[in-house]
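Novice: What follows is a structure written as structure tokens; I'll ask about it next.
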Amino acid sequence: MKLALLADVHANLEALTACLAHAGEQGADAYVFLGDLVGYGADPGPVVDLVAGYREQGAVVVRGNHDHAVVSPSETMNPAAERAVEWTRDRLSTAQRAFLEGLPLTERRGDTLFVHASAEAPAQWIYVSDPTRAARSLSAADATYVYSGHVHEPVLYYAGAGGRPMPFHPTPGVPIPVAPHRRWLAIVGSAGQPRDGNTAACYALVDDAVPSLTFFRVPYDWAAAAAKVRAAGLPESLARRLAHGE
Amino acid sequence: MADPLEPGSVVDGFRVEERIHSGGMGVIYRVTGRDVPFPMIMKVPRLGPGEPGEAVVTFEVEKMVMAALKGPHVPRFVAAGDLARQAYLVMERVEGRSLAEWNGRGPVPVEEVVRVGVALANALHSLHQQETIHLDLKPSNVILREGGEAVLIDFGLAHHGHYPDLLAEEFRHPMGSSPYLSPEQVLGVRNDLRSDVFSLGVVLYELATDRLPFGAPTTQGGLRKRLWRDPVPPRALVPSLPEWLQEVVLRCLEPRAGDRYASAAQVAFDLAHPDQVVPTERSRRRRRQGLGKRFLKWVRAAGYEEAALPRPSAHLSGAPIVLAAVATAHTNEARNEALRLAVRRLVVAGENTRLACVTVIRPSPEMVGAAPEQAATSQRIRHLVLLRHWAEALRLPPEQISFHVLEAGDPADALLEYARANRVDHVVIGAPPRDVTLGGLLGTVATKVALEAPCTVTVVRQQS
């Protein structure tokens with residue numbers, strides 16, 4: 001099985017369709033969406049519809065903090081995100097909102113856990129941004145493989161007998177062997193709002209026959225996505241971010 | 001210790017023949033089968049309770065790295081068995097002599113040190129170009145093929161820039177063979193390709209003097225000495241060694257990685273061109289340095305910090321060897337200036353780039369009467385002067401630039417051979433004149449070099 005992992009799409013339809021097309025060419029036959037389908041971008045409705053279609057065919061979808069904020073107005077965020085959340089709420093149909101509301105915080109498949117932020121406390125949206133937090137998420141997950149988003153830069157934490165996970169910054173397109181006698185926490189990187197200075201969308205692909213994990217970068221039409229953000233009257237900083245990838 | 005496999009047994013289509021070697025970490029067998037057209041060995045790690053925990057991880061590392069490596073300087077990888085079933089690695093059995101056979105035979109003649117040193121440096125460079133740092137370079141991990149090529153074996157401690165470093169995660173203590181470990185390896189740094197340059201320096205020192213520059217310490221304190229204590233200069237042990245060789249060896253052994261050669265290819269270059277090695281204080285050193293300098297080095301060592309390092313290939317892209325093909329036989333200032341401008345964009349003073357200025361002249365004709373050798377020498381000097389003059393305006397420090405007058409009937413062949421032998425990364429050459437017809441164009445030096453060079457070629461045309 002080849003499992004495509006996509007996180008932090010953030011209502012960027014151009015990035016999402018580019019990643020899905022790329023994953024299809026790579027032979028992906030299963031899909032996981034690791035949260036934050038909406039927020040920031042200008043196409044929340046079409047993105048939710050597209051992902052809902054994948055879930056009907058068996059894809060796993062978990063909830064992110066932006067998905068949560070749209071359906072639970074109490075969530076506090078930075079001003080630009082807050083504006084995007086309010087704007088998004090008005091653009092979604094009742095059915096689309098119900099889809100987001102029904103998303104689980106985590107999903108487990110065998111020895112693998114899918115969670116948007118940290119498995120330590122999935123509803124607290126903790127950023128897994130260092131080895132200590134990675135260790136806590138791995139330990140709480142009680143799984144060999146933990147696949148997450150929330151942090152927008154792709155990184156792979158690995159832990160063996162040494163216990164303390166080490167971060168590894170992957171080279172795009174190179175399959176990394178991920179043997180099951182270690183534990184692995186992969187943050188696949190943001191599809192819809194990359195922040196590491198590279199405009200290309202992030203996603204990752206698991207080949208469980210090896211097993212291996214490959215991180216990909218997919219160039220997409222960010223100019224079109226940024227133009228839609230501006231046309232929608234969303235904060236200019238959100239359009240600029242797509243143009244600079246940071 | 002029981003052996004993991006019985007001779008005569010069959011594992012995944014490989015028939016296990018006799019045992020070749022048995023060590024602490026594993027056993028090596030000769031194997032046959034699967035219609036592989038070259039001789040093979042199978043490495044089987046010792047796993048399980050009571051065996052060293054490192055054996056599992058070094059097996060995983062070697063499997064991962066060997067499967068990714070290619071080329072003549074590593075054994076060909078055939079197959080690997082899974083840890084969960086039967087762990088093994090099958091690879092080419094490299095025919096040749098182990099460099100360890102040289103050990104304890106007294107100092108090796110200089111020409112031999114150079115020959116082996118160049119082969120070894122080229123093998124390391126090929127590894128570094130493939131994102132891999134060996135980190136366990138020592139004579140017993142080098143096999144010299146009959147043709148003189150060096151093959152590196154045993155990748156259990158290697159680092160590959162494309163994969164998570166499994167050893168760094170599990171083990172804090174320095175791993176490898178104590179005489180050959182670089183200072184940064186002693187401190188636990190595993191991602192600097194210049195560590196291999198240091199170990200190469202230890203091997204060269206050992207070949208040239210039959211002594212180990214830092215002994216074989218067994219304690220962490222003993223290992224740390226190399227961070228601040230410089231070795232006895234090779235010429236103090238073997239006075240007949242040339243100063244230039246001491247310069248090369250001691251530069252490899254600098255405690256700070258930034259003071260060493262930036263790449264193994266640059267070591268090979270200097271070994272192959274002794275007359276181009278720029279002597280510094282290192283070449284003249286007669287004894288170890290005084291206490292004051294040692295104290296300074298110690299202070300530096302105490303504050304040694306791991307810097308964020310680029311992947312091997314990214315590091316090498318900052319340390320290329322650039323060849324400027326200067327047509328000294330045809331004086332054309334506009335053309336020369338265009339070539340200089342192009343070179344200036346590639347080679348910046350103070351960076352790790354090396355510039356080799358090369359010209360090709362016709363072999364001196366047999367002369368009747370007059371001393372032919374004298375005439376040949378004066379012709380070479382004339383072109384050397386022209387080369388140096390061409391480069392003056394670039395204002396590069398002497399250790400960054402070298403000059404070479406080649407004698408050959410076919411300039412393109414000579415340049416290509418030079419580029420291949422010296423691991424040149426980029427050739428800069430003048431374009432053929434614009435009035436050459438298409439048919440004639442294919443016969444020009446620049447065209448042939450551009451078509452056949454093993455690296456990037458910039459063909460420079462002056463604009464008028």
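Residues are referred to by chain and number: the chain letter is A, B, ... according to the order shown in the structure tokens, the number counts from 1 in that chain, and ligands are numbered separately from 1 in the order shown.
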Contacts from chain A to chain B, 8 Å maximum, only C-alpha atoms: show me the residue list as a ChimeraX atom specification.

Specialist: /A:158-166,168,170-171,174,176-177

Novice: Env of stretch 402-416 of chain B: 9 Å cut, atoms = only C-alpha atoms, seq-sep filter 6 positions within chain, self excluded. Answer as number ranges by chain.

Specialist: B: 273, 276-277, 323, 325, 354-364, 380-381, 383-384, 387-388, 444-449, 452-454

Novice: Go ahead and write the residues just picked, N, CA, C and O atoms, as a short mmCIF file (atom, residue, chain, number, x, y, z; two decimals), in the first residue's frame.

Specialist:
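The resulting file, out.cif, is shown below:
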data_model
loop_
_atom_site.label_atom_id
_atom_site.label_comp_id
_atom_site.auth_asym_id
_atom_site.auth_seq_id
_atom_site.Cartn_x
_atom_site.Cartn_y
_atom_site.Cartn_z
N HIS B 273 50.60 17.19 -7.69
CA HIS B 273 51.34 18.34 -8.20
C HIS B 273 52.21 18.95 -7.11
O HIS B 273 51.96 20.07 -6.68
N GLN B 276 53.29 22.53 -7.05
CA GLN B 276 52.28 23.57 -6.89
C GLN B 276 51.84 23.73 -5.43
O GLN B 276 51.00 24.55 -5.13
N VAL B 277 52.41 22.92 -4.53
CA VAL B 277 52.04 23.05 -3.12
C VAL B 277 52.72 24.29 -2.56
O VAL B 277 53.93 24.46 -2.70
N LEU B 323 39.06 24.44 -13.85
CA LEU B 323 40.17 24.45 -14.80
C LEU B 323 39.94 25.58 -15.81
O LEU B 323 38.91 25.62 -16.47
N ALA B 325 41.25 26.91 -19.22
CA ALA B 325 42.10 26.55 -20.36
C ALA B 325 42.51 27.84 -21.08
O ALA B 325 41.69 28.48 -21.74
N ARG B 354 39.42 25.99 -5.96
CA ARG B 354 40.80 25.94 -6.46
C ARG B 354 40.76 26.20 -7.95
O ARG B 354 39.91 25.67 -8.66
N LEU B 355 41.71 27.03 -8.44
CA LEU B 355 41.78 27.30 -9.86
C LEU B 355 43.07 26.70 -10.43
O LEU B 355 44.16 27.01 -9.94
N ALA B 356 42.93 25.84 -11.43
CA ALA B 356 44.09 25.30 -12.13
C ALA B 356 44.14 25.96 -13.51
O ALA B 356 43.23 25.79 -14.32
N CYS B 357 45.19 26.77 -13.75
CA CYS B 357 45.34 27.41 -15.06
C CYS B 357 46.18 26.48 -15.92
O CYS B 357 47.30 26.13 -15.56
N VAL B 358 45.61 26.08 -17.06
CA VAL B 358 46.27 25.07 -17.88
C VAL B 358 46.43 25.57 -19.31
O VAL B 358 45.51 26.16 -19.88
N THR B 359 47.61 25.35 -19.86
CA THR B 359 47.79 25.59 -21.29
C THR B 359 48.41 24.35 -21.91
O THR B 359 49.06 23.57 -21.23
N VAL B 360 48.13 24.16 -23.19
CA VAL B 360 48.69 22.99 -23.88
C VAL B 360 49.59 23.48 -25.01
O VAL B 360 49.17 24.31 -25.82
N ILE B 361 50.82 22.98 -25.02
CA ILE B 361 51.73 23.36 -26.10
C ILE B 361 52.16 22.11 -26.85
O ILE B 361 52.04 20.99 -26.35
N ARG B 362 52.63 22.34 -28.08
CA ARG B 362 53.07 21.19 -28.89
C ARG B 362 54.36 20.63 -28.30
O ARG B 362 55.17 21.38 -27.78
N PRO B 363 54.55 19.33 -28.39
CA PRO B 363 55.81 18.77 -27.91
C PRO B 363 56.95 19.41 -28.69
O PRO B 363 56.82 19.66 -29.89
N SER B 364 58.04 19.72 -27.98
CA SER B 364 59.14 20.42 -28.66
C SER B 364 59.74 19.52 -29.72
O SER B 364 59.96 18.33 -29.51
N ARG B 380 58.70 25.89 -22.07
CA ARG B 380 57.76 25.70 -20.96
C ARG B 380 57.70 26.93 -20.09
O ARG B 380 56.63 27.38 -19.67
N ILE B 381 58.89 27.49 -19.78
CA ILE B 381 58.94 28.66 -18.90
C ILE B 381 58.22 29.84 -19.55
O ILE B 381 57.48 30.57 -18.90
N HIS B 383 55.70 29.80 -21.52
CA HIS B 383 54.24 29.65 -21.40
C HIS B 383 53.77 29.75 -19.96
O HIS B 383 52.67 30.24 -19.68
N LEU B 384 54.61 29.32 -19.03
CA LEU B 384 54.29 29.45 -17.61
C LEU B 384 54.18 30.93 -17.24
O LEU B 384 53.27 31.34 -16.52
N LEU B 387 50.96 32.25 -18.55
CA LEU B 387 49.85 31.77 -17.72
C LEU B 387 49.73 32.61 -16.44
O LEU B 387 48.65 33.06 -16.07
N ARG B 388 50.89 32.78 -15.79
CA ARG B 388 50.89 33.56 -14.54
C ARG B 388 50.41 34.98 -14.79
O ARG B 388 49.66 35.54 -14.02
N THR B 444 36.95 21.47 -33.32
CA THR B 444 37.71 22.42 -32.50
C THR B 444 37.90 21.88 -31.08
O THR B 444 37.17 21.00 -30.63
N VAL B 445 38.90 22.47 -30.41
CA VAL B 445 39.24 22.02 -29.06
C VAL B 445 38.05 22.21 -28.11
O VAL B 445 37.65 21.29 -27.38
N ALA B 446 37.47 23.42 -28.14
CA ALA B 446 36.37 23.72 -27.21
C ALA B 446 35.20 22.77 -27.42
O ALA B 446 34.59 22.29 -26.46
N THR B 447 34.89 22.48 -28.67
CA THR B 447 33.75 21.61 -28.96
C THR B 447 33.99 20.20 -28.43
O THR B 447 33.12 19.60 -27.79
N LYS B 448 35.18 19.70 -28.66
CA LYS B 448 35.48 18.35 -28.21
C LYS B 448 35.46 18.28 -26.67
O LYS B 448 34.91 17.34 -26.09
N VAL B 449 36.05 19.30 -26.05
CA VAL B 449 36.07 19.32 -24.58
C VAL B 449 34.64 19.37 -24.04
O VAL B 449 34.26 18.64 -23.12
N GLU B 452 32.93 15.94 -24.40
CA GLU B 452 33.45 14.74 -23.72
C GLU B 452 33.85 14.94 -22.27
O GLU B 452 34.19 13.97 -21.59
N ALA B 453 33.84 16.17 -21.79
CA ALA B 453 34.33 16.41 -20.42
C ALA B 453 33.46 15.69 -19.39
O ALA B 453 32.26 15.53 -19.58
N PRO B 454 34.07 15.24 -18.28
CA PRO B 454 33.32 14.56 -17.23
C PRO B 454 32.59 15.54 -16.31
O PRO B 454 32.03 15.13 -15.30
#

Novice: Just asking: which residues within stretch 13-232 of chain A are strand (DSSP E or B) according to DSSP, as a PyMOL selection string?

Specialist: chain A and resi 30-33+60-61+106-109+112-115+145-148+155-159+166-168+176-177+183-187+190+201-207+212-218

Novice: If we count only C-alpha atoms and set the cut-off at 10 Å, which residues sit around A:Tyr157, ignoring sequence neighbours fewer than 2 positions away in its own chain? Please answer as a PyMOL selection string.

Specialist: (chain A and resi 130-131+134-135+138+146+155+159+164-169+183-187) or (chain B and resi 164)

Novice: Have a look at A:Thr76, A:Thr17, A:Gln124, A:Gln26 and name the one nearest to A:Phe216; count only C-alpha atoms.

Specialist: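 Selected residue with least distance to A:Phe216: A:Gln26.
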
Novice: List as a count of residues only the protein and nucleic acid residues near B:Ser195, meaning an atom at most 12 Å away when only C-alpha atoms are counted, but skip any in the same chain fewer than 6 places from it.

Specialist: 37

Novice: As a PyMOL selection string, list the residues of stretch 79-165 of chain B assigned to helix (DSSP H, G or I) by DSSP on the backbone atoms of this structure.

Specialist: chain B and resi 99-102+110-129+139-141

Novice: Residues near A:Val38, anyone? I mean within 10 Å using only C-alpha atoms, not counting same-chain ones fewer than 4 positions away, as a short mmCIF file (atom, residue, chain, number, x, y, z; two decimals) with N, CA and C atoms, in the first residue's frame.

Specialist:
data_model
loop_
_atom_site.label_atom_id
_atom_site.label_comp_id
_atom_site.auth_asym_id
_atom_site.auth_seq_id
_atom_site.Cartn_x
_atom_site.Cartn_y
_atom_site.Cartn_z
N ASP A 8 -2.20 20.47 6.72
CA ASP A 8 -2.24 21.93 6.64
C ASP A 8 -2.48 22.43 5.21
N VAL A 9 -3.56 21.94 4.63
CA VAL A 9 -3.94 22.37 3.28
C VAL A 9 -4.40 23.83 3.30
N HIS A 10 -5.05 24.24 4.38
CA HIS A 10 -5.44 25.64 4.60
C HIS A 10 -6.16 26.27 3.41
N ALA A 11 -7.16 25.57 2.92
CA ALA A 11 -8.04 26.12 1.89
C ALA A 11 -7.32 26.57 0.63
N ASN A 12 -6.17 25.91 0.36
CA ASN A 12 -5.40 26.22 -0.84
C ASN A 12 -5.69 25.11 -1.87
N ALA A 42 -8.33 30.84 0.26
CA ALA A 42 -9.57 31.41 -0.26
C ALA A 42 -10.57 30.37 -0.76
N ASP A 43 -10.23 29.08 -0.65
CA ASP A 43 -11.13 28.05 -1.20
C ASP A 43 -11.57 27.02 -0.16
N PRO A 44 -12.10 27.46 0.99
CA PRO A 44 -12.45 26.46 2.01
C PRO A 44 -13.53 25.48 1.52
N GLY A 45 -14.56 25.99 0.87
CA GLY A 45 -15.65 25.11 0.43
C GLY A 45 -15.18 24.03 -0.52
N VAL A 47 -12.23 22.87 -1.05
CA VAL A 47 -11.27 21.96 -0.41
C VAL A 47 -12.01 20.95 0.45
N VAL A 48 -12.97 21.42 1.25
CA VAL A 48 -13.72 20.51 2.12
C VAL A 48 -14.48 19.48 1.26
N GLY A 64 -7.97 19.62 12.62
CA GLY A 64 -6.92 20.56 13.00
C GLY A 64 -7.50 21.71 13.78
N ASN A 65 -6.64 22.56 14.33
CA ASN A 65 -7.12 23.68 15.16
C ASN A 65 -7.93 24.69 14.35
N HIS A 66 -7.59 24.89 13.07
CA HIS A 66 -8.37 25.83 12.25
C HIS A 66 -9.75 25.24 11.93
N ASP A 67 -9.79 23.94 11.66
CA ASP A 67 -11.08 23.29 11.42
C ASP A 67 -11.96 23.43 12.66
N HIS A 68 -11.29 23.28 13.81
CA HIS A 68 -11.99 23.36 15.09
C HIS A 68 -12.50 24.77 15.33
N ALA A 69 -11.65 25.76 15.05
CA ALA A 69 -12.01 27.16 15.32
C ALA A 69 -13.22 27.59 14.50
N VAL A 70 -13.32 27.06 13.28
CA VAL A 70 -14.42 27.46 12.41
C VAL A 70 -15.76 27.00 12.99
N ALA A 84 -9.32 35.18 9.09
CA ALA A 84 -9.52 34.14 8.09
C ALA A 84 -10.57 33.13 8.58
N VAL A 85 -10.55 32.84 9.89
CA VAL A 85 -11.50 31.88 10.44
C VAL A 85 -12.93 32.43 10.31
N THR A 88 -13.96 32.37 6.76
CA THR A 88 -14.21 30.99 6.33
C THR A 88 -15.59 30.51 6.79
N ARG A 89 -15.91 30.83 8.05
CA ARG A 89 -17.17 30.36 8.63
C ARG A 89 -18.36 30.77 7.76
N LEU A 100 -16.66 19.22 9.11
CA LEU A 100 -15.52 19.59 9.97
C LEU A 100 -15.80 19.24 11.42
N GLY A 192 -0.57 23.60 1.97
CA GLY A 192 -1.17 24.84 1.50
C GLY A 192 -0.51 26.13 1.97
#

Novice: So how many Å separate atom CA of A:Leu113 and atom CA of A:Tyr203, to one decimal?

Specialist: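 That distance, rounded to one decimal, is 16.9 Å.
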
Novice: Quick one: of A:Arg182, A:Lys2, A:Arg83, A:Arg63, who's nearest to A:Glu236, counting only C-alpha atoms?

Specialist: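 Nearest to A:Glu236: A:Arg83.
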
Novice: Need to verify the contact set: A:His116, 6 Å, only C-alpha atoms, exclusion of same-chain residues closer than 5 positions in sequence. Can you return it as a count of residues only?

Specialist: 6

Novice: For atom CA of B:Thr209 and atom CA of B:Leu152, determine how far apart the two atoms are, in Å to one decimal place.

Specialist: 22.6 Å
